[in-house]
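A.B. asks: Supplied structure: coords_5.txt, compact mmCIF, C-alpha atoms.
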```
# COMPACT_ATOMS: atom_id res chain seq x y z
CA MET A 1 -7.94 -49.45 -3.50
CA GLU A 2 -5.31 -48.02 -1.17
CA ARG A 3 -6.93 -49.74 1.80
CA GLU A 4 -6.88 -53.07 -0.04
CA LEU A 5 -3.22 -52.62 -0.93
CA CYS A 6 -2.40 -51.73 2.67
CA ARG A 7 -4.17 -54.86 3.90
CA HIS A 8 -2.19 -57.05 1.48
CA MET A 9 1.08 -55.45 2.58
CA ILE A 10 0.24 -56.10 6.22
CA GLU A 11 -0.61 -59.74 5.45
CA ILE A 12 2.68 -60.20 3.64
CA ALA A 13 4.59 -58.59 6.52
CA VAL A 14 2.84 -60.84 9.04
CA ALA A 15 3.64 -63.92 6.95
CA LEU A 16 7.31 -62.93 6.65
CA VAL A 17 7.77 -62.23 10.36
CA ALA A 18 5.95 -65.43 11.33
CA ALA A 19 8.03 -67.44 8.85
CA PHE A 20 11.28 -66.11 10.25
CA PHE A 21 10.43 -66.90 13.85
CA LEU A 22 8.99 -70.29 12.94
CA GLY A 23 12.14 -71.13 11.02
CA SER A 24 14.47 -69.85 13.72
CA ALA A 25 12.96 -71.99 16.49
CA PRO A 26 16.00 -74.08 17.62
CA THR A 27 14.31 -77.48 17.57
CA ALA A 28 17.37 -79.70 17.89
CA TYR A 29 18.80 -77.56 20.69
CA LEU A 30 15.52 -77.64 22.64
CA VAL A 31 15.06 -81.39 22.17
CA GLY A 32 18.64 -82.04 23.28
CA ARG A 33 18.23 -79.96 26.42
CA ALA A 34 14.84 -81.47 27.24
CA ALA A 35 15.78 -85.08 26.52
CA SER A 36 19.15 -85.35 28.24
CA GLY A 37 20.53 -81.91 29.01
CA VAL A 38 22.84 -82.12 25.99
CA ASP A 39 23.84 -79.01 24.05
CA ILE A 40 23.66 -80.39 20.52
CA ARG A 41 26.01 -77.63 19.34
CA ARG A 42 28.78 -79.17 21.43
CA SER A 43 28.08 -82.78 20.56
CA GLY A 44 28.93 -84.80 17.47
CA SER A 45 29.25 -82.64 14.38
CA GLY A 46 27.95 -79.64 16.32
CA ASN A 47 25.20 -79.05 13.76
CA PRO A 48 21.81 -78.36 15.41
CA GLY A 49 19.89 -80.46 12.91
CA ALA A 50 18.01 -83.72 12.63
CA LEU A 51 20.96 -85.92 11.60
CA ASN A 52 23.19 -84.87 14.49
CA ALA A 53 20.24 -85.20 16.86
CA TYR A 54 19.65 -88.73 15.57
CA ARG A 55 23.28 -89.70 16.10
CA GLN A 56 23.81 -88.01 19.47
CA LEU A 57 20.39 -88.16 21.11
CA GLY A 58 18.90 -91.32 19.63
CA LYS A 59 16.38 -92.36 17.02
CA THR A 60 13.31 -90.92 18.74
CA ALA A 61 14.89 -87.50 19.24
CA GLY A 62 16.15 -87.50 15.66
CA VAL A 63 12.71 -88.24 14.26
CA ILE A 64 11.14 -85.56 16.47
CA VAL A 65 13.63 -82.96 15.24
CA LEU A 66 13.17 -84.05 11.62
CA LEU A 67 9.39 -83.76 11.81
CA ALA A 68 9.52 -80.50 13.76
CA ASP A 69 11.98 -78.88 11.36
CA SER A 70 9.96 -80.01 8.36
CA GLY A 71 6.85 -78.75 10.11
CA LYS A 72 8.40 -75.29 10.55
CA GLY A 73 8.84 -74.89 6.81
CA ALA A 74 5.44 -76.37 6.05
CA ALA A 75 3.67 -74.15 8.59
CA ALA A 76 5.30 -70.99 7.26
CA VAL A 77 4.21 -71.66 3.68
CA TYR A 78 0.76 -72.86 4.72
CA LEU A 79 0.20 -69.61 6.61
CA GLY A 80 1.21 -67.65 3.53
CA GLN A 81 -1.19 -69.65 1.40
CA ARG A 82 -4.04 -69.09 3.83
CA LEU A 83 -3.39 -65.36 3.63
CA TYR A 84 -3.61 -65.64 -0.17
CA ILE A 85 -0.42 -63.71 -0.76
CA PRO A 86 1.02 -63.79 -4.32
CA MET A 87 3.58 -66.38 -5.42
CA SER A 88 6.45 -63.89 -5.30
CA ALA A 89 5.66 -63.09 -1.66
CA LEU A 90 5.13 -66.78 -0.88
CA ALA A 91 8.59 -67.52 -2.26
CA ALA A 92 10.00 -64.85 0.05
CA VAL A 93 8.16 -66.43 2.99
CA ALA A 94 9.69 -69.82 2.16
CA ALA A 95 13.17 -68.33 1.85
CA VAL A 96 12.85 -66.41 5.12
CA ALA A 97 11.78 -69.58 6.96
CA ALA A 98 14.83 -71.43 5.66
CA LEU A 99 17.14 -68.52 6.47
CA GLY A 100 15.69 -68.29 9.96
CA HIS A 101 16.55 -71.94 10.52
CA ASN A 102 20.06 -71.70 9.09
CA PHE A 103 20.88 -68.47 10.92
CA SER A 104 18.77 -68.63 14.05
CA PRO A 105 19.03 -65.56 16.31
CA PHE A 106 18.31 -67.89 19.23
CA LEU A 107 21.59 -69.71 18.54
CA LYS A 108 23.74 -66.64 17.85
CA PHE A 109 22.84 -66.85 14.14
CA ARG A 110 24.19 -70.36 13.68
CA GLY A 111 21.50 -72.92 13.01
CA GLY A 112 21.10 -76.05 10.93
CA LYS A 113 21.64 -76.49 7.20
CA GLY A 114 18.00 -76.32 6.18
CA GLY A 115 17.43 -79.67 4.47
CA ALA A 116 14.41 -80.72 6.54
CA VAL A 117 12.90 -77.22 6.49
CA VAL A 118 13.14 -77.02 2.70
CA LEU A 119 11.52 -80.44 2.33
CA GLY A 120 8.68 -79.24 4.56
CA ILE A 121 8.24 -76.20 2.33
CA SER A 122 8.28 -78.42 -0.74
CA ALA A 123 5.72 -80.78 0.79
CA ILE A 124 3.15 -78.00 0.98
CA MET A 125 3.84 -76.77 -2.54
CA LEU A 126 4.57 -80.05 -4.34
CA LEU A 127 3.44 -82.93 -2.15
CA GLY A 128 3.65 -85.74 -4.71
CA ILE A 129 7.10 -84.78 -5.96
CA THR A 130 8.36 -84.33 -2.40
CA ALA A 131 7.07 -87.75 -1.36
CA ILE A 132 8.92 -89.38 -4.25
CA THR A 133 12.17 -87.56 -3.52
CA VAL A 134 12.06 -88.26 0.22
CA ALA A 135 11.48 -91.96 -0.46
CA PHE A 136 14.38 -91.95 -2.90
CA GLY A 137 16.61 -90.19 -0.38
CA ALA A 138 15.72 -92.71 2.33
CA VAL A 139 16.60 -95.62 0.05
CA LEU A 140 19.83 -93.93 -1.02
CA TYR A 141 20.84 -93.38 2.61
CA GLY A 142 20.00 -97.00 3.41
CA VAL A 143 22.27 -98.18 0.60
CA THR A 144 25.19 -95.75 0.98
CA ARG A 145 24.95 -94.85 4.70
CA HIS A 146 26.22 -91.40 3.70
CA ALA A 147 23.95 -88.51 4.66
CA VAL A 148 25.57 -86.08 2.20
CA TRP A 149 25.12 -88.46 -0.73
CA ALA A 150 21.52 -89.09 0.25
CA MET A 151 20.74 -85.39 0.66
CA THR A 152 22.49 -84.52 -2.60
CA GLY A 153 20.52 -87.17 -4.46
CA THR A 154 17.29 -86.02 -2.84
CA PHE A 155 17.69 -82.40 -3.87
CA LEU A 156 18.93 -83.25 -7.36
CA LEU A 157 15.85 -85.39 -7.92
CA LEU A 158 13.56 -82.77 -6.38
CA ASN A 159 14.80 -80.14 -8.82
CA ALA A 160 14.79 -82.53 -11.77
CA LEU A 161 11.17 -83.55 -11.15
CA THR A 162 10.11 -79.95 -10.58
CA ILE A 163 11.51 -79.06 -14.00
CA ALA A 164 10.39 -82.27 -15.74
CA THR A 165 6.78 -81.86 -14.60
CA LEU A 166 6.73 -78.32 -16.05
CA GLN A 167 6.02 -76.50 -12.82
CA PRO A 168 5.68 -72.69 -13.02
CA VAL A 169 8.93 -70.78 -13.46
CA GLY A 170 8.53 -69.20 -10.03
CA GLN A 171 8.23 -72.64 -8.42
CA ILE A 172 11.29 -73.96 -10.25
CA SER A 173 13.31 -70.87 -9.33
CA LEU A 174 12.34 -71.21 -5.67
CA CYS A 175 13.29 -74.88 -5.62
CA LEU A 176 16.69 -74.14 -7.15
CA ALA A 177 17.29 -71.22 -4.79
CA LEU A 178 16.42 -73.16 -1.64
CA SER A 179 18.54 -76.11 -2.76
CA ALA A 180 21.44 -73.71 -3.34
CA LEU A 181 20.91 -72.30 0.16
CA VAL A 182 21.18 -75.77 1.71
CA ALA A 183 24.28 -76.63 -0.34
CA GLY A 184 25.87 -73.23 0.24
CA THR A 185 25.32 -73.39 4.00
CA HIS A 186 26.85 -76.86 4.12
CA LEU A 187 29.94 -75.84 2.13
CA TRP A 188 30.40 -72.62 4.10
CA ARG A 189 30.16 -74.35 7.48
CA GLN A 190 32.63 -77.03 6.42
CA TYR A 191 34.91 -74.72 4.43
CA PRO A 192 38.24 -75.82 6.01
CA GLN A 193 37.57 -79.51 5.25
CA VAL A 194 36.08 -78.71 1.84
CA SER A 195 39.08 -76.57 0.92
CA VAL A 196 41.58 -79.30 1.82
CA ALA A 197 39.61 -82.00 -0.01
CA MET A 198 39.35 -79.90 -3.18
CA ARG A 199 43.02 -78.90 -3.07
CA GLU A 200 44.01 -82.56 -2.78
CA ARG A 201 41.36 -83.59 -5.34
CA ALA A 202 40.01 -86.04 -2.79
CA TRP A 203 36.52 -86.10 -4.27
CA ARG A 204 35.30 -89.14 -2.35
CA ARG A 205 36.27 -87.48 0.93
CA PHE A 206 34.62 -84.26 -0.29
CA MET A 207 31.30 -86.07 -0.71
CA THR A 208 31.42 -87.48 2.82
CA ILE A 209 32.09 -84.20 4.65
CA GLU A 210 29.21 -83.57 7.06
```
Could you spell out this file's structure in structure tokens?
C.D. replies:
Amino acid sequence: MERELCRHMIEIAVALVAAFFLGSAPTAYLVGRAASGVDIRRSGSGNPGALNAYRQLGKTAGVIVLLADSGKGAAAVYLGQRLYIPMSALAAVAAVAALGHNFSPFLKFRGGKGGAVVLGISAIMLLGITAITVAFGAVLYGVTRHAVWAMTGTFLLLNALTIATLQPVGQISLCLALSALVAGTHLWRQYPQVSVAMRERAWRRFMTIE
């Protein structure tokens, strides 16, 4: 019994460590350096994520970063599933992967905002729902041309469908928590602009802050 418990604890520890280092891999930074020698942190919005890579490095680089970042989250959760760790531990693995991306030690603890990583996590856990929300987000971005509006709509729909389809409480809680992490990171990184927009009640400007 004790040996079995020890084995499970080791598996959970392995999954957590792997998730953190997978998540913290600085994809956008590496692609920028490899593609054109650009430090994505000093270009455009300065955010080392897929959207800034798309705008500063081009469509191909942006797609590569998007897929790679999504893949980091998906790989972390898939590993946890293959180790058959319990849902509570799997939720921790997902959260650690997202935190690793947002606060990468390879970029002095300043990474992306986690949107793509969280969608990768969701794709492994709730593929159908994720596919619907990603399609909706793509259409919304095509119509509005505002990344923040599209991402907000995507995550609102993701959470709404997770609740509406009566997913387990743990799954719903994880979805809400990861969405809050993405939103919180965005607001924290853009605090000066957010503060001014809220003080002036400039809500339209608030929703376009990237």
A.B. asks: Between A:Ile12, A:Leu174, A:Leu83, A:Leu5, which has the minimum distance to Leu126 in chain A (counting all atoms listed in the file)?
C.D. replies: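 Closest to Leu126 in chain A, using all atoms listed in the file: A:Leu174.
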A.B. asks: Go ahead and compute the interatomic distance for CA of Leu157 in chain A and CA of Leu67 in chain A, in Å to one decimal.
C.D. replies: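 Rounded to one decimal, the two atoms are 20.8 Å apart.
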A.B. asks: If we count all atoms listed in the file, what is near Ala138 in chain A at a cut-off of 9 Å, once residues fewer than 5 positions away on the same chain are taken out, given as a list in words?
C.D. replies: Thr133, Val143, Ala150 and Thr154 of chain A
A.B. asks: For Ile172 in chain A, which residue out of A:Asn159, A:Asn102, A:Gln190, A:Ser88 is the nearest one, using all atoms listed in the file?
C.D. replies: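 That would be A:Asn159, the residue with the smallest distance to Ile172 in chain A.
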A.B. asks: Considering only C-alpha atoms, can you say which of A:Arg110, A:Ile10, A:Ala160, A:Arg55 comes closest to Leu176 in chain A?
C.D. replies: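 Once distances to Leu176 in chain A are computed over only C-alpha atoms, the minimum belongs to A:Ala160.
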A.B. asks: Figure out the distance between CA of Ile85 in chain A and CA of Glu4 in chain A, please, to one decimal in Å.
C.D. replies: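 Atom-to-atom, CA of Glu4 in chain A to CA of Ile85 in chain A, that is 12.5 Å.
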A.B. asks: Can you pull out the residues contacting Gly37 in chain A? Cut-off 12 Å, using all atoms listed in the file, and skip same-chain residues under 5 positions away; I want them as JSON, numbers by chain.
C.D. replies: {"A": [28, 29, 30, 31, 32, 42, 43, 56, 57]}
A.B. asks: Mind pulling up the distance from CA of Ser173 in chain A to CA of Lys113 in chain A?
C.D. replies: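 Distance reported for this atom pair: 19.3 Å.
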A.B. asks: Between A:Thr27, A:Leu187, A:Leu140, A:Leu119, which is the closest to Arg41 in chain A once you count only C-alpha atoms?
C.D. replies: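 Once distances to Arg41 in chain A are computed over only C-alpha atoms, the minimum belongs to A:Thr27.
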A.B. asks: Just the residues within 8 Å of Lys72 in chain A, please, counting all atoms listed in the file, with nothing from its chain fewer than 4 positions along; format it as a PyMOL selection string.
C.D. replies: chain A and resi 22-23+68+76+97+117+120
A.B. asks: Closest to Gly115 in chain A among A:Gln81, A:Thr165, A:Gln171, A:Ser179, using all atoms listed in the file?
C.D. replies: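 Ranked by minimum distance to Gly115 in chain A, first place goes to A:Ser179.
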A.B. asks: Mind checking which residues fall within 12 Å of Phe21 in chain A, counting all atoms listed in the file, ignoring those fewer than 6 positions away in the same chain, and posting them as a JSON list (two decimals) with C-alpha atoms, in the frame of the given file?
C.D. replies:
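The resulting around20.json:
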```json
[["chain", "number", "residue", "atom", "x", "y", "z"],
["A", 14, "VAL", "CA", 2.84, -60.84, 9.04],
["A", 15, "ALA", "CA", 3.64, -63.92, 6.95],
["A", 27, "THR", "CA", 14.31, -77.48, 17.57],
["A", 72, "LYS", "CA", 8.40, -75.29, 10.55],
["A", 73, "GLY", "CA", 8.84, -74.89, 6.81],
["A", 75, "ALA", "CA", 3.67, -74.15, 8.59],
["A", 76, "ALA", "CA", 5.30, -70.99, 7.26],
["A", 93, "VAL", "CA", 8.16, -66.43, 2.99],
["A", 96, "VAL", "CA", 12.85, -66.41, 5.12],
["A", 97, "ALA", "CA", 11.78, -69.58, 6.96],
["A", 98, "ALA", "CA", 14.83, -71.43, 5.66],
["A", 99, "LEU", "CA", 17.14, -68.52, 6.47],
["A", 100, "GLY", "CA", 15.69, -68.29, 9.96],
["A", 101, "HIS", "CA", 16.55, -71.94, 10.52],
["A", 102, "ASN", "CA", 20.06, -71.70, 9.09],
["A", 103, "PHE", "CA", 20.88, -68.47, 10.92],
["A", 104, "SER", "CA", 18.77, -68.63, 14.05],
["A", 105, "PRO", "CA", 19.03, -65.56, 16.31],
["A", 106, "PHE", "CA", 18.31, -67.89, 19.23]]
```
A.B. asks: If I only have part of range 85-105 of chain A, can you fill in N, CA and C atoms and write it as a PDB file, in the frame of the given file?
C.D. replies:
```
ATOM      1  N   ILE A  85      -1.417 -64.647  -0.245  1.00  0.00           N
ATOM      2  CA  ILE A  85      -0.420 -63.710  -0.760  1.00  0.00           C
ATOM      3  C   ILE A  85       0.083 -64.234  -2.107  1.00  0.00           C
ATOM      4  N   PRO A  86       0.569 -63.363  -2.995  1.00  0.00           N
ATOM      5  CA  PRO A  86       1.020 -63.790  -4.320  1.00  0.00           C
ATOM      6  C   PRO A  86       2.241 -64.702  -4.260  1.00  0.00           C
ATOM      7  N   MET A  87       2.503 -65.406  -5.369  1.00  0.00           N
ATOM      8  CA  MET A  87       3.580 -66.380  -5.420  1.00  0.00           C
ATOM      9  C   MET A  87       4.937 -65.753  -5.092  1.00  0.00           C
ATOM     10  N   SER A  88       5.169 -64.543  -5.575  1.00  0.00           N
ATOM     11  CA  SER A  88       6.450 -63.890  -5.300  1.00  0.00           C
ATOM     12  C   SER A  88       6.649 -63.679  -3.798  1.00  0.00           C
ATOM     13  N   ALA A  89       5.589 -63.281  -3.112  1.00  0.00           N
ATOM     14  CA  ALA A  89       5.660 -63.090  -1.660  1.00  0.00           C
ATOM     15  C   ALA A  89       5.765 -64.431  -0.946  1.00  0.00           C
ATOM     16  N   LEU A  90       5.075 -65.444  -1.479  1.00  0.00           N
ATOM     17  CA  LEU A  90       5.130 -66.780  -0.880  1.00  0.00           C
ATOM     18  C   LEU A  90       6.543 -67.348  -0.983  1.00  0.00           C
ATOM     19  N   ALA A  91       7.202 -67.082  -2.099  1.00  0.00           N
ATOM     20  CA  ALA A  91       8.590 -67.520  -2.260  1.00  0.00           C
ATOM     21  C   ALA A  91       9.484 -66.843  -1.226  1.00  0.00           C
ATOM     22  N   ALA A  92       9.228 -65.568  -0.970  1.00  0.00           N
ATOM     23  CA  ALA A  92      10.000 -64.850   0.050  1.00  0.00           C
ATOM     24  C   ALA A  92       9.746 -65.433   1.430  1.00  0.00           C
ATOM     25  N   VAL A  93       8.508 -65.804   1.706  1.00  0.00           N
ATOM     26  CA  VAL A  93       8.160 -66.430   2.990  1.00  0.00           C
ATOM     27  C   VAL A  93       8.930 -67.734   3.163  1.00  0.00           C
ATOM     28  N   ALA A  94       8.964 -68.550   2.108  1.00  0.00           N
ATOM     29  CA  ALA A  94       9.690 -69.820   2.160  1.00  0.00           C
ATOM     30  C   ALA A  94      11.179 -69.583   2.411  1.00  0.00           C
ATOM     31  N   ALA A  95      11.747 -68.629   1.694  1.00  0.00           N
ATOM     32  CA  ALA A  95      13.170 -68.330   1.850  1.00  0.00           C
ATOM     33  C   ALA A  95      13.492 -67.818   3.246  1.00  0.00           C
ATOM     34  N   VAL A  96      12.638 -66.966   3.778  1.00  0.00           N
ATOM     35  CA  VAL A  96      12.850 -66.410   5.120  1.00  0.00           C
ATOM     36  C   VAL A  96      12.781 -67.499   6.182  1.00  0.00           C
ATOM     37  N   ALA A  97      11.871 -68.458   6.014  1.00  0.00           N
ATOM     38  CA  ALA A  97      11.780 -69.580   6.960  1.00  0.00           C
ATOM     39  C   ALA A  97      13.067 -70.389   6.964  1.00  0.00           C
ATOM     40  N   ALA A  98      13.593 -70.670   5.764  1.00  0.00           N
ATOM     41  CA  ALA A  98      14.830 -71.430   5.660  1.00  0.00           C
ATOM     42  C   ALA A  98      16.016 -70.645   6.226  1.00  0.00           C
ATOM     43  N   LEU A  99      16.066 -69.359   5.934  1.00  0.00           N
ATOM     44  CA  LEU A  99      17.140 -68.520   6.470  1.00  0.00           C
ATOM     45  C   LEU A  99      17.070 -68.416   7.990  1.00  0.00           C
ATOM     46  N   GLY A 100      15.858 -68.334   8.519  1.00  0.00           N
ATOM     47  CA  GLY A 100      15.690 -68.290   9.960  1.00  0.00           C
ATOM     48  C   GLY A 100      16.233 -69.539  10.630  1.00  0.00           C
ATOM     49  N   HIS A 101      16.028 -70.683   9.984  1.00  0.00           N
ATOM     50  CA  HIS A 101      16.550 -71.940  10.520  1.00  0.00           C
ATOM     51  C   HIS A 101      18.073 -71.981  10.446  1.00  0.00           C
ATOM     52  N   ASN A 102      18.613 -71.612   9.291  1.00  0.00           N
ATOM     53  CA  ASN A 102      20.060 -71.700   9.090  1.00  0.00           C
ATOM     54  C   ASN A 102      20.844 -70.678   9.908  1.00  0.00           C
ATOM     55  N   PHE A 103      20.205 -69.544  10.192  1.00  0.00           N
ATOM     56  CA  PHE A 103      20.880 -68.470  10.920  1.00  0.00           C
ATOM     57  C   PHE A 103      19.983 -67.991  12.065  1.00  0.00           C
ATOM     58  N   SER A 104      19.706 -68.909  12.965  1.00  0.00           N
ATOM     59  CA  SER A 104      18.770 -68.630  14.050  1.00  0.00           C
ATOM     60  C   SER A 104      19.318 -67.608  15.045  1.00  0.00           C
ATOM     61  N   PRO A 105      18.580 -66.534  15.310  1.00  0.00           N
ATOM     62  CA  PRO A 105      19.030 -65.560  16.310  1.00  0.00           C
ATOM     63  C   PRO A 105      19.058 -66.147  17.716  1.00  0.00           C
TER      64      PRO A 105
END
```
